[in-house]
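Structure first, commentary second.
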Amino acid sequence: MDEDSQENRLFAAFERHDEFVAAQNTLLAADLFVEPSREEEDVELHCSRKLIVIFGEYQEQSYLLDPYLESLVSPVAECLRRYAMACVNARGAQSSRSRVERLADLLHNYIKFRGYKTITRFFPHEVSDLSIALDFIRLPSGPVKDPSQWGLRYAVLLWLSLICRIPFDLQKFDDTTRSGETANAIELVGKDRLNMAGLEREGAATLLARFYARKDTKQQFSSFVEWSITVFRSSDIILSIGVLQVLCELMKSGSSEQLQAFTQQFLEITDTLEQSTPLASNTLVRKYRTKLLSRVALRLMPPNIFRSKLTFRSLDGDIKNEAVNGNVDDGDDDIDVPEEIDTILESLFKSLQDKDTVVRWSAAKGIARLSERLPSDFSSQVLETILGLFSIHSVAGASVYDTPAIAEATWHGASLASAEMARRGLVQTAALGSLLGWLSKALYFDIRKGAHSIGSNVRDAAAYVIWALARAQDPESFSPYARELAQWLVSVALFDREIHIRRAASAAFQEHVGRMALFPHGIDVLRKTDFYAVSVRRNAFIVAAPQVAEHLEYRSYLIDHIISITLRHWDVAMRELGAQALRRICELDLKILGLECASKMAGFLDSVDVSDVHGALVALTGISEAYRAQESEENASNRQKIFAFIAIVSKDVVMSPRNGLVLAAACDLIASSLTLQEVELQEKSSVPHWKRIIDQGLRHRSSSVQQAAAAAIATTSSLIDCSPDVHRLIKDFRRGPQSLQQSLGYTLGVLNYNEHPHGFSEVVKCLLDSVNSNSPERMSSIEARRNCFQALPKIITNVLPRLTEYLIAESMYGVLDALDSGLDDYTMDERGDVGSWVRMACIQGLASIFEDLFRVSGNIPEFANYLPAQRYHSVIARILRQGVERLDNVRQTAGHCLLRLFRIPLPTVPRQEEWRIKGSELIMKLFLTDASGTITSWSVGEWLFPKAVELLRVQEYRQPLLTGLIHSVGARTGSTHRPASSSLVSFAQALPLLAGDSGYSLSELCDDLIECAQGRTTSNAVVVPILQTFNMLLEADVLSRLSSVDNGPSKLERLLNIATRNVQRLKNVQRVQESMKIVVNLLVVSSVSKSSSERIIDFLSHPYPKIRTSTAEYLYTFIQSRDLGWEADEAVDELLLETEWSSESMEVKVAATRISELLSCAITE
């Protein structure tokens, strides 16, 4: 929780500045030429990690560091400069690799955090620094040659690129005899690193671009262009990408005079790239080729001084477009457009349809920037061409859902280009209608492809276009389209599947509300569909949509959108949420909207698409439930009309085993719309096969379908007596396959026994027999038994008003016995502890029954017979045991139910205090003082076990609670084992030796543990955790105190006997090892040390080599590390170390006997 809140936190300032500076200064103070000690290494690593964490915290708000950047970056860059100078002056000096790497990593993090253009401004950039940086990166055996020092090379390359921008003559650094040496060296450094993938290539490209942009390197640039053509013809992908990065950067920042002379060569390069199959197949190559083309075109076309400049909106809401020199059209037509522009635009339009987003995005920006410099007529033709891309894969009269999947790239590219044109005010009013027409389709571009869909990027780009239009168009031109556009955006913001699309549509709506003020109820609707309201899909559908539908301007469109799009969506969750949203909207005016929407949905019930049928059924279910919630004769008639729509669905579709979703939806619709009139009509009903649909649902393999069918049966049971059907179900299902057995539990638990008996006694007997381990009718399926256990408390709740009529005290006893026995279900299979499903169901069932009985206790004459106080406390103790066992979810369930029981009022019967939970004051002190932890923390062992062990002081709950704690101590999960062990040890250490005022003693704890073990000596699942618990107590030196009391040694002797009984015949390795540890640990307890030494031989000579080896190792470690109270012979250590314990020779038995004798002698002395 803390991590999530830290990630979502917004900062107002750089709050960790002082902490950041201190950590950075620690790193900068280190001598880069001295290897750090281990302590220094740990400190510096800690500081480096702290800096990285702080960078991560502020990454989303990096601008907060801007006021401090110079003071932060300059010392780091200066440290790099000093280090480079020292390396150059003292060639061959050895430096600390780790410290240099941390320095370079710090610089790299700054660059990653704020961008290289911002950070390099604070690098040293004196003319004299050129020789330092250049000599440093060229050192033949310098640190930059280390392959792992990529960060250092990247930083030095950026440093060199900054120095190259200083206007000085490079020849001043040359020898008189070798002119151009410095320039050639810089060029060579950059070229050598262009074929390195990663940041080094980017640094080298930046260096070369800055280098060739100088006025004194024209000759070198001409040679570079010729060399680049040969590189592209060689189809070297890595090197080609580096060269393209240089050319793109240079075309952006170089002088026009220098670059225009090479226009033909650049166009030749782009043609070469297109014709080379290896290069054209690479995404980055295509991206940089597109950038190069667009930047060449920008160099060919100077800025259009006649183009109107879009200024900020004035306070009255108007956009003012001002031309620099009077009328825009005066000189616009006189602009000369070079012939190359047509060719470049054609290539850019092709790139708009590229398969990769980065290429399309680059082409879109290039087209818009170029159009901004073209004459108005020419830019209008460009926009027409862009809009024409939408129609390439479109068929007249077809919906966007009929568009082929290949159209995704084209539509996305066209949308991006339209957005970039709109941002620059290049969409004229005449083209606005056509553009919005295509955007109305792009906003819903969602094409099914296999198990997913494509088109979210198209929808996102369409929202971007509309957002951009709001910033560039005037309200007058938009007013004819405002109402429709508002409806489109609201429907997408509420009902799109993807969160980023909903947010994008909401942002576009907000932009129009703020800038245009044309949308109906704009501010109010925006408040209901803001960034946070639409971020959670369920909230957008269930809460925001009905609120927006309160405005009549949006209601009909939202309903149409749900019916035509959402309820036909490929995603099941979308259809189900859409049905809920439709119900909420219809409830605004159910009388008019209910049947109207139901009639529209009925039109999809005969569709060949199963998704359409399912969506229609769940929508009809929602409307029917709305009618049922507002019960009246008219609404009952309307429900009957909706019920009749089920007959439209083909029987083959609804009955097909593969169409579980449709079958479940049909059952849900029957459950919500079935009326008494339809039941009484029987075969003359408007849906004569409705009973067969329910029966098919009950026999389906899916549990969700079974539950839907059970709900339909429940509705039927509230209308008529279903005793014959119940008898048939019990007869057919209890001996059937597992799926039928599971269905029986669902069904019997939801019948309305309060209205009609439905064979209640037979139902109870069936459920009890199904879970009784001694009954031949017991169900083998764990899921079926769980469902039966869940059904028992449901039927008790159902008949609660007439409990004494339906159940006598003995029958209630049988129900409680069954649920109590379910707490001992520890069934295991390949899925793990599946018995936990039953245990949780029984815990919840018992808690529910207790709550129900307490609530109606005043109406039960013989309450003590229905729920004896002793039996109540016995069950509470067993639930408490589950609350401290090893599974987190079981503990959570048990804890939640226990606290529910603790809070309910006592029964209103005589001697009501007998039913008060024992130790209630202690429980309140432990668990109810922290309100935040009462429900959520029982699954957290660190919170629970220190409190739970204190409940051992309550005698009535002690034995079950201790059993649960023992299981947790033996758990393999560290999050359970560690806190349970440490809590029990701490509790035992605080106990007195003999019983006193506290009511519990260490002696009693030992007795209880031994009694648990002696009762189940044949069960490893019980004995092993108990042995682990004893070992834990012995290792903590807790049980050694028992030697000082009268019966203490006898308890330890009993423990020793349990550990060593039949140890030679035991096959469970873990049990034998735990027994061995007990015997060894008892060597330090004076009263039983001699007996323990005599039993060591059983483990050192055990048939299993693993046991012999582990015994020798553990015994040797124990003797060396513990204060024994006696001196062990050195011969024992020699025998333990030198004997080959894994061998089967007689030497092992001889050594084992000798060690036992030596230990006995040492203890006796």
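Quick note on naming: the chains in the structure tokens go A, B, ... in the order shown, residues restart at 1 in each chain, and ligands are numbered from 1 in order of appearance.
The list of residues with at least one atom within 10 Å of Phe173 (chain A), based on only C-alpha atoms and without residues fewer than 6 positions apart in the same chain, reads Val127, Ser128, Leu130, Ser131, Ser179, Gly180, Glu181, Thr182 and Ala183 of chain A.
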- Message: Using only C-alpha atoms, which protein or nucleic acid residues come within 9 Å of region 435-437 of chain A? Drop anything in the same chain fewer than 6 positions from it, and give the result as a PyMOL selection string.
- Response: chain A and resi 387+418+427+466+481+485
Within 7 Å of region 201-221 of chain A: each region 104-182 of chain A residue with its shortest pair, only C-alpha atoms, as JSON lines:
```
{"residue": "A:Tyr154", "atom": "CA", "partner": "A:Gly203", "partner_atom": "CA", "distance": 5.6}
{"residue": "A:Leu157", "atom": "CA", "partner": "A:Gly203", "partner_atom": "CA", "distance": 5.4}
{"residue": "A:Leu158", "atom": "CA", "partner": "A:Gly203", "partner_atom": "CA", "distance": 5.6}
{"residue": "A:Leu160", "atom": "CA", "partner": "A:Leu207", "partner_atom": "CA", "distance": 6.5}
{"residue": "A:Ser161", "atom": "CA", "partner": "A:Leu207", "partner_atom": "CA", "distance": 4.2}
{"residue": "A:Cys164", "atom": "CA", "partner": "A:Phe211", "partner_atom": "CA", "distance": 5.8}
{"residue": "A:Arg165", "atom": "CA", "partner": "A:Arg210", "partner_atom": "CA", "distance": 6.3}
```
Grab the residues selected above and save them as an mmCIF file, in the first residue's frame with N, CA, C and O atoms.
```
data_model
loop_
_atom_site.group_PDB
_atom_site.id
_atom_site.type_symbol
_atom_site.label_atom_id
_atom_site.label_comp_id
_atom_site.auth_asym_id
_atom_site.auth_seq_id
_atom_site.Cartn_x
_atom_site.Cartn_y
_atom_site.Cartn_z
ATOM 1 N N TYR A 154 29.507 7.291 -23.502
ATOM 2 C CA TYR A 154 28.362 8.112 -23.901
ATOM 3 C C TYR A 154 28.504 9.537 -23.371
ATOM 4 O O TYR A 154 28.280 10.521 -24.101
ATOM 5 N N LEU A 157 31.274 11.413 -25.312
ATOM 6 C CA LEU A 157 30.826 11.767 -26.661
ATOM 7 C C LEU A 157 29.914 12.999 -26.631
ATOM 8 O O LEU A 157 30.038 13.906 -27.483
ATOM 9 N N LEU A 158 29.012 13.059 -25.668
ATOM 10 C CA LEU A 158 28.148 14.233 -25.545
ATOM 11 C C LEU A 158 28.963 15.476 -25.161
ATOM 12 O O LEU A 158 28.669 16.582 -25.612
ATOM 13 N N LEU A 160 32.079 16.032 -26.010
ATOM 14 C CA LEU A 160 32.760 16.447 -27.236
ATOM 15 C C LEU A 160 31.796 17.171 -28.176
ATOM 16 O O LEU A 160 32.166 18.167 -28.817
ATOM 17 N N SER A 161 30.552 16.674 -28.249
ATOM 18 C CA SER A 161 29.576 17.318 -29.138
ATOM 19 C C SER A 161 29.279 18.743 -28.689
ATOM 20 O O SER A 161 29.042 19.635 -29.516
ATOM 21 N N CYS A 164 32.228 20.983 -29.708
ATOM 22 C CA CYS A 164 32.268 21.237 -31.151
ATOM 23 C C CYS A 164 31.382 22.417 -31.559
ATOM 24 O O CYS A 164 31.540 22.958 -32.662
ATOM 25 N N ARG A 165 30.484 22.811 -30.702
ATOM 26 C CA ARG A 165 29.606 23.936 -31.044
ATOM 27 C C ARG A 165 30.288 25.286 -30.811
ATOM 28 O O ARG A 165 29.779 26.319 -31.243
#
```
- Item | Polymer residues at most 10 Å from Tyr116 (chain A), only C-alpha atoms, same-chain spacing of 5 or more positions, as number ranges by chain | A: 107-108, 110-111, 121, 155, 158, 203
Selected residues written out, all heavy atoms, as a PDB file, in the first residue's frame:
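Written out: again-v7.pdb:
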```pdb
ATOM      1  N   LEU A 107      25.920  10.383 -14.247  1.00  0.00           N
ATOM      2  CA  LEU A 107      25.701  11.285 -15.380  1.00  0.00           C
ATOM      3  C   LEU A 107      24.619  10.752 -16.315  1.00  0.00           C
ATOM      4  O   LEU A 107      23.780  11.504 -16.809  1.00  0.00           O
ATOM      5  CB  LEU A 107      27.015  11.467 -16.148  1.00  0.00           C
ATOM      6  CG  LEU A 107      27.930  12.609 -15.694  1.00  0.00           C
ATOM      7  CD1 LEU A 107      29.237  12.574 -16.459  1.00  0.00           C
ATOM      8  CD2 LEU A 107      27.252  13.957 -15.870  1.00  0.00           C
ATOM      9  N   HIS A 108      24.663   9.450 -16.556  1.00  0.00           N
ATOM     10  CA  HIS A 108      23.651   8.848 -17.433  1.00  0.00           C
ATOM     11  C   HIS A 108      22.259   8.996 -16.846  1.00  0.00           C
ATOM     12  O   HIS A 108      21.279   9.258 -17.559  1.00  0.00           O
ATOM     13  CB  HIS A 108      23.963   7.367 -17.658  1.00  0.00           C
ATOM     14  CG  HIS A 108      22.858   6.624 -18.344  1.00  0.00           C
ATOM     15  ND1 HIS A 108      22.132   5.628 -17.719  1.00  0.00           N
ATOM     16  CD2 HIS A 108      22.319   6.770 -19.576  1.00  0.00           C
ATOM     17  CE1 HIS A 108      21.205   5.176 -18.554  1.00  0.00           C
ATOM     18  NE2 HIS A 108      21.300   5.839 -19.674  1.00  0.00           N
ATOM     19  N   TYR A 110      21.217  11.426 -14.921  1.00  0.00           N
ATOM     20  CA  TYR A 110      20.820  12.821 -15.147  1.00  0.00           C
ATOM     21  C   TYR A 110      20.279  12.994 -16.565  1.00  0.00           C
ATOM     22  O   TYR A 110      19.237  13.641 -16.785  1.00  0.00           O
ATOM     23  CB  TYR A 110      22.017  13.752 -14.939  1.00  0.00           C
ATOM     24  CG  TYR A 110      22.207  14.221 -13.524  1.00  0.00           C
ATOM     25  CD1 TYR A 110      23.360  13.905 -12.810  1.00  0.00           C
ATOM     26  CD2 TYR A 110      21.246  15.000 -12.883  1.00  0.00           C
ATOM     27  CE1 TYR A 110      23.546  14.345 -11.508  1.00  0.00           C
ATOM     28  CE2 TYR A 110      21.429  15.447 -11.589  1.00  0.00           C
ATOM     29  CZ  TYR A 110      22.583  15.121 -10.904  1.00  0.00           C
ATOM     30  OH  TYR A 110      22.760  15.565  -9.626  1.00  0.00           O
ATOM     31  N   ILE A 111      20.996  12.423 -17.532  1.00  0.00           N
ATOM     32  CA  ILE A 111      20.596  12.569 -18.934  1.00  0.00           C
ATOM     33  C   ILE A 111      19.261  11.864 -19.182  1.00  0.00           C
ATOM     34  O   ILE A 111      18.368  12.397 -19.852  1.00  0.00           O
ATOM     35  CB  ILE A 111      21.703  12.001 -19.852  1.00  0.00           C
ATOM     36  CG1 ILE A 111      22.958  12.867 -19.733  1.00  0.00           C
ATOM     37  CG2 ILE A 111      21.231  11.939 -21.298  1.00  0.00           C
ATOM     38  CD1 ILE A 111      24.193  12.242 -20.345  1.00  0.00           C
ATOM     39  N   ARG A 121      24.302  21.242 -21.244  1.00  0.00           N
ATOM     40  CA  ARG A 121      24.552  22.678 -21.078  1.00  0.00           C
ATOM     41  C   ARG A 121      25.458  22.957 -19.886  1.00  0.00           C
ATOM     42  O   ARG A 121      26.141  23.985 -19.845  1.00  0.00           O
ATOM     43  CB  ARG A 121      23.232  23.444 -20.883  1.00  0.00           C
ATOM     44  CG  ARG A 121      22.299  23.420 -22.052  1.00  0.00           C
ATOM     45  CD  ARG A 121      21.353  24.627 -22.008  1.00  0.00           C
ATOM     46  NE  ARG A 121      20.786  24.848 -20.704  1.00  0.00           N
ATOM     47  CZ  ARG A 121      19.573  24.437 -20.313  1.00  0.00           C
ATOM     48  NH1 ARG A 121      18.822  23.756 -21.175  1.00  0.00           N
ATOM     49  NH2 ARG A 121      19.106  24.682 -19.111  1.00  0.00           N
ATOM     50  N   ALA A 155      28.905   9.676 -22.118  1.00  0.00           N
ATOM     51  CA  ALA A 155      29.052  11.007 -21.522  1.00  0.00           C
ATOM     52  C   ALA A 155      30.157  11.802 -22.220  1.00  0.00           C
ATOM     53  O   ALA A 155      30.002  13.006 -22.489  1.00  0.00           O
ATOM     54  CB  ALA A 155      29.343  10.874 -20.030  1.00  0.00           C
ATOM     55  N   LEU A 158      29.012  13.059 -25.668  1.00  0.00           N
ATOM     56  CA  LEU A 158      28.148  14.233 -25.545  1.00  0.00           C
ATOM     57  C   LEU A 158      28.963  15.476 -25.161  1.00  0.00           C
ATOM     58  O   LEU A 158      28.669  16.582 -25.612  1.00  0.00           O
ATOM     59  CB  LEU A 158      27.057  13.979 -24.505  1.00  0.00           C
ATOM     60  CG  LEU A 158      25.983  12.949 -24.891  1.00  0.00           C
ATOM     61  CD1 LEU A 158      24.982  12.774 -23.754  1.00  0.00           C
ATOM     62  CD2 LEU A 158      25.246  13.377 -26.160  1.00  0.00           C
ATOM     63  N   GLY A 203      25.164   9.007 -29.025  1.00  0.00           N
ATOM     64  CA  GLY A 203      26.156  10.022 -28.680  1.00  0.00           C
ATOM     65  C   GLY A 203      27.071  10.329 -29.841  1.00  0.00           C
ATOM     66  O   GLY A 203      27.406  11.505 -30.107  1.00  0.00           O
TER      67      GLY A 203
END
```
- Message: If we count only C-alpha atoms and set the cut-off at 9 Å, which residues sit around region 559-569 of chain A, ignoring sequence neighbours fewer than 6 positions away in its own chain? Please answer as a ChimeraX atom specification.
- Response: /A:444,491,495-497,549,575-579,581-582,585-586,597,600-601,609,611-616,618-619
Alpha helix (DSSP H) per DSSP on the backbone: members of region 469-535 of chain A, as a tab-separated table (two decimals) with N, CA and C atoms, in the first residue's frame:
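Just written: part_37.tsv:
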```
chain	number	residue	atom	x	y	z
A	469	LEU	N	-8.57	19.93	-32.93
A	469	LEU	CA	-9.51	20.82	-33.61
A	469	LEU	C	-10.05	21.89	-32.66
A	470	ALA	N	-10.23	21.52	-31.40
A	470	ALA	CA	-10.75	22.48	-30.43
A	470	ALA	C	-9.78	23.64	-30.22
A	471	ARG	N	-8.50	23.39	-30.43
A	471	ARG	CA	-7.50	24.42	-30.18
A	471	ARG	C	-7.25	25.30	-31.40
A	472	ALA	N	-7.78	24.91	-32.57
A	472	ALA	CA	-7.44	25.65	-33.78
A	472	ALA	C	-8.65	26.22	-34.52
A	475	PRO	N	-15.40	28.76	-33.03
A	475	PRO	CA	-16.69	28.17	-32.66
A	475	PRO	C	-17.74	28.25	-33.75
A	476	GLU	N	-17.71	29.27	-34.57
A	476	GLU	CA	-18.73	29.43	-35.60
A	476	GLU	C	-18.70	28.28	-36.60
A	477	SER	N	-17.51	27.88	-36.98
A	477	SER	CA	-17.40	26.78	-37.95
A	477	SER	C	-17.78	25.44	-37.33
A	478	PHE	N	-17.68	25.33	-36.02
A	478	PHE	CA	-17.95	24.08	-35.34
A	478	PHE	C	-19.41	23.93	-34.92
A	482	ALA	N	-21.58	20.50	-33.31
A	482	ALA	CA	-21.29	20.43	-31.88
A	482	ALA	C	-22.10	19.35	-31.17
A	483	ARG	N	-23.38	19.28	-31.43
A	483	ARG	CA	-24.24	18.33	-30.72
A	483	ARG	C	-23.83	16.88	-31.00
A	484	GLU	N	-23.64	16.57	-32.28
A	484	GLU	CA	-23.22	15.21	-32.63
A	484	GLU	C	-21.86	14.88	-32.05
A	485	LEU	N	-20.94	15.82	-32.14
A	485	LEU	CA	-19.59	15.59	-31.64
A	485	LEU	C	-19.61	15.36	-30.13
A	486	ALA	N	-20.42	16.11	-29.41
A	486	ALA	CA	-20.54	15.91	-27.97
A	486	ALA	C	-21.04	14.50	-27.66
A	487	GLN	N	-22.01	14.03	-28.43
A	487	GLN	CA	-22.55	12.68	-28.21
A	487	GLN	C	-21.51	11.62	-28.50
A	488	TRP	N	-20.73	11.81	-29.58
A	488	TRP	CA	-19.68	10.82	-29.88
A	488	TRP	C	-18.67	10.74	-28.74
A	489	LEU	N	-18.19	11.89	-28.31
A	489	LEU	CA	-17.13	11.91	-27.30
A	489	LEU	C	-17.63	11.35	-25.97
A	490	VAL	N	-18.85	11.69	-25.59
A	490	VAL	CA	-19.37	11.19	-24.32
A	490	VAL	C	-19.53	9.68	-24.36
A	491	SER	N	-20.03	9.15	-25.47
A	491	SER	CA	-20.22	7.70	-25.57
A	491	SER	C	-18.89	6.97	-25.51
A	492	VAL	N	-17.86	7.51	-26.15
A	492	VAL	CA	-16.55	6.87	-26.10
A	492	VAL	C	-15.93	7.01	-24.71
A	493	ALA	N	-16.07	8.19	-24.10
A	493	ALA	CA	-15.51	8.41	-22.77
A	493	ALA	C	-16.15	7.50	-21.72
A	494	LEU	N	-17.38	7.11	-21.95
A	494	LEU	CA	-18.07	6.26	-20.98
A	494	LEU	C	-17.96	4.78	-21.28
A	495	PHE	N	-18.00	4.39	-22.57
A	495	PHE	CA	-18.22	3.00	-22.91
A	495	PHE	C	-17.08	2.33	-23.67
A	499	ILE	N	-8.91	2.06	-20.97
A	499	ILE	CA	-8.89	3.21	-20.08
A	499	ILE	C	-8.29	4.44	-20.75
A	500	HIS	N	-7.24	4.26	-21.56
A	500	HIS	CA	-6.60	5.44	-22.16
A	500	HIS	C	-7.49	6.08	-23.23
A	501	ILE	N	-8.34	5.27	-23.86
A	501	ILE	CA	-9.28	5.85	-24.83
A	501	ILE	C	-10.35	6.67	-24.11
A	502	ARG	N	-10.86	6.11	-23.02
A	502	ARG	CA	-11.87	6.85	-22.25
A	502	ARG	C	-11.29	8.18	-21.77
A	503	ARG	N	-10.07	8.13	-21.29
A	503	ARG	CA	-9.45	9.37	-20.81
A	503	ARG	C	-9.19	10.35	-21.96
A	504	ALA	N	-8.78	9.83	-23.13
A	504	ALA	CA	-8.53	10.70	-24.28
A	504	ALA	C	-9.81	11.38	-24.74
A	505	ALA	N	-10.90	10.63	-24.79
A	505	ALA	CA	-12.17	11.22	-25.20
A	505	ALA	C	-12.64	12.26	-24.18
A	506	SER	N	-12.43	11.97	-22.90
A	506	SER	CA	-12.79	12.93	-21.86
A	506	SER	C	-11.97	14.21	-21.99
A	507	ALA	N	-10.67	14.06	-22.30
A	507	ALA	CA	-9.82	15.24	-22.48
A	507	ALA	C	-10.27	16.07	-23.68
A	508	ALA	N	-10.65	15.39	-24.79
A	508	ALA	CA	-11.14	16.12	-25.96
A	508	ALA	C	-12.44	16.86	-25.65
A	509	PHE	N	-13.32	16.19	-24.91
A	509	PHE	CA	-14.58	16.84	-24.50
A	509	PHE	C	-14.29	18.07	-23.64
A	510	GLN	N	-13.36	17.91	-22.71
A	510	GLN	CA	-12.99	19.03	-21.84
A	510	GLN	C	-12.43	20.20	-22.64
A	511	GLU	N	-11.60	19.90	-23.63
A	511	GLU	CA	-11.00	20.95	-24.45
A	511	GLU	C	-12.08	21.74	-25.20
A	512	HIS	N	-13.06	21.04	-25.73
A	512	HIS	CA	-14.14	21.72	-26.46
A	512	HIS	C	-15.03	22.53	-25.52
A	513	VAL	N	-15.30	21.98	-24.34
A	513	VAL	CA	-16.11	22.73	-23.38
A	513	VAL	C	-15.42	24.02	-22.98
A	514	GLY	N	-14.12	23.93	-22.75
A	514	GLY	CA	-13.39	25.11	-22.32
A	514	GLY	C	-13.16	26.14	-23.41
A	515	ARG	N	-13.02	25.69	-24.67
A	515	ARG	CA	-12.63	26.61	-25.74
A	515	ARG	C	-13.81	27.00	-26.63
A	522	GLY	N	-22.33	21.34	-21.09
A	522	GLY	CA	-20.92	20.96	-21.14
A	522	GLY	C	-20.25	20.84	-19.79
A	523	ILE	N	-20.38	21.85	-18.94
A	523	ILE	CA	-19.71	21.83	-17.65
A	523	ILE	C	-20.24	20.71	-16.77
A	524	ASP	N	-21.53	20.52	-16.75
A	524	ASP	CA	-22.13	19.48	-15.91
A	524	ASP	C	-21.73	18.09	-16.38
A	525	VAL	N	-21.78	17.87	-17.68
A	525	VAL	CA	-21.38	16.57	-18.22
A	525	VAL	C	-19.90	16.32	-17.99
A	526	LEU	N	-19.10	17.36	-18.14
A	526	LEU	CA	-17.66	17.21	-17.92
A	526	LEU	C	-17.37	16.81	-16.47
A	527	ARG	N	-18.11	17.37	-15.55
A	527	ARG	CA	-17.92	17.01	-14.14
A	527	ARG	C	-18.21	15.53	-13.90
A	528	LYS	N	-19.15	14.99	-14.66
A	528	LYS	CA	-19.54	13.58	-14.49
A	528	LYS	C	-18.63	12.63	-15.27
```
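Between CA of Val1072 (chain A) and CA of Thr1060 (chain A) the interatomic distance comes to 8.5 Å.
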- Counting only C-alpha atoms, the option among A:Glu274, A:Glu249, A:Asp18, A:Glu268 closest to Lys291 (chain A): A:Glu249
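Of note, CA of Pro124 (chain A) and CA of Thr26 (chain A) are spaced 21.5 Å apart.
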- Message: as a ChimeraX atom specification, please: the residues near Leu1042 (chain A) (cut-off 9 Å, only C-alpha atoms, same-chain neighbours under 5 positions excluded).
- Response: /A:993,1002-1003,1047-1049,1051-1052,1085
- Write out as a ChimeraX atom specification which residues come within 10 Å of region 913-915 of chain A when counting only C-alpha atoms, dropping same-chain ones fewer than 6 positions away. /A:854,864,867-873,906-907
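Relative to CA of Gln24 (chain A), CA of Leu69 (chain A) is found at 12.9 Å.
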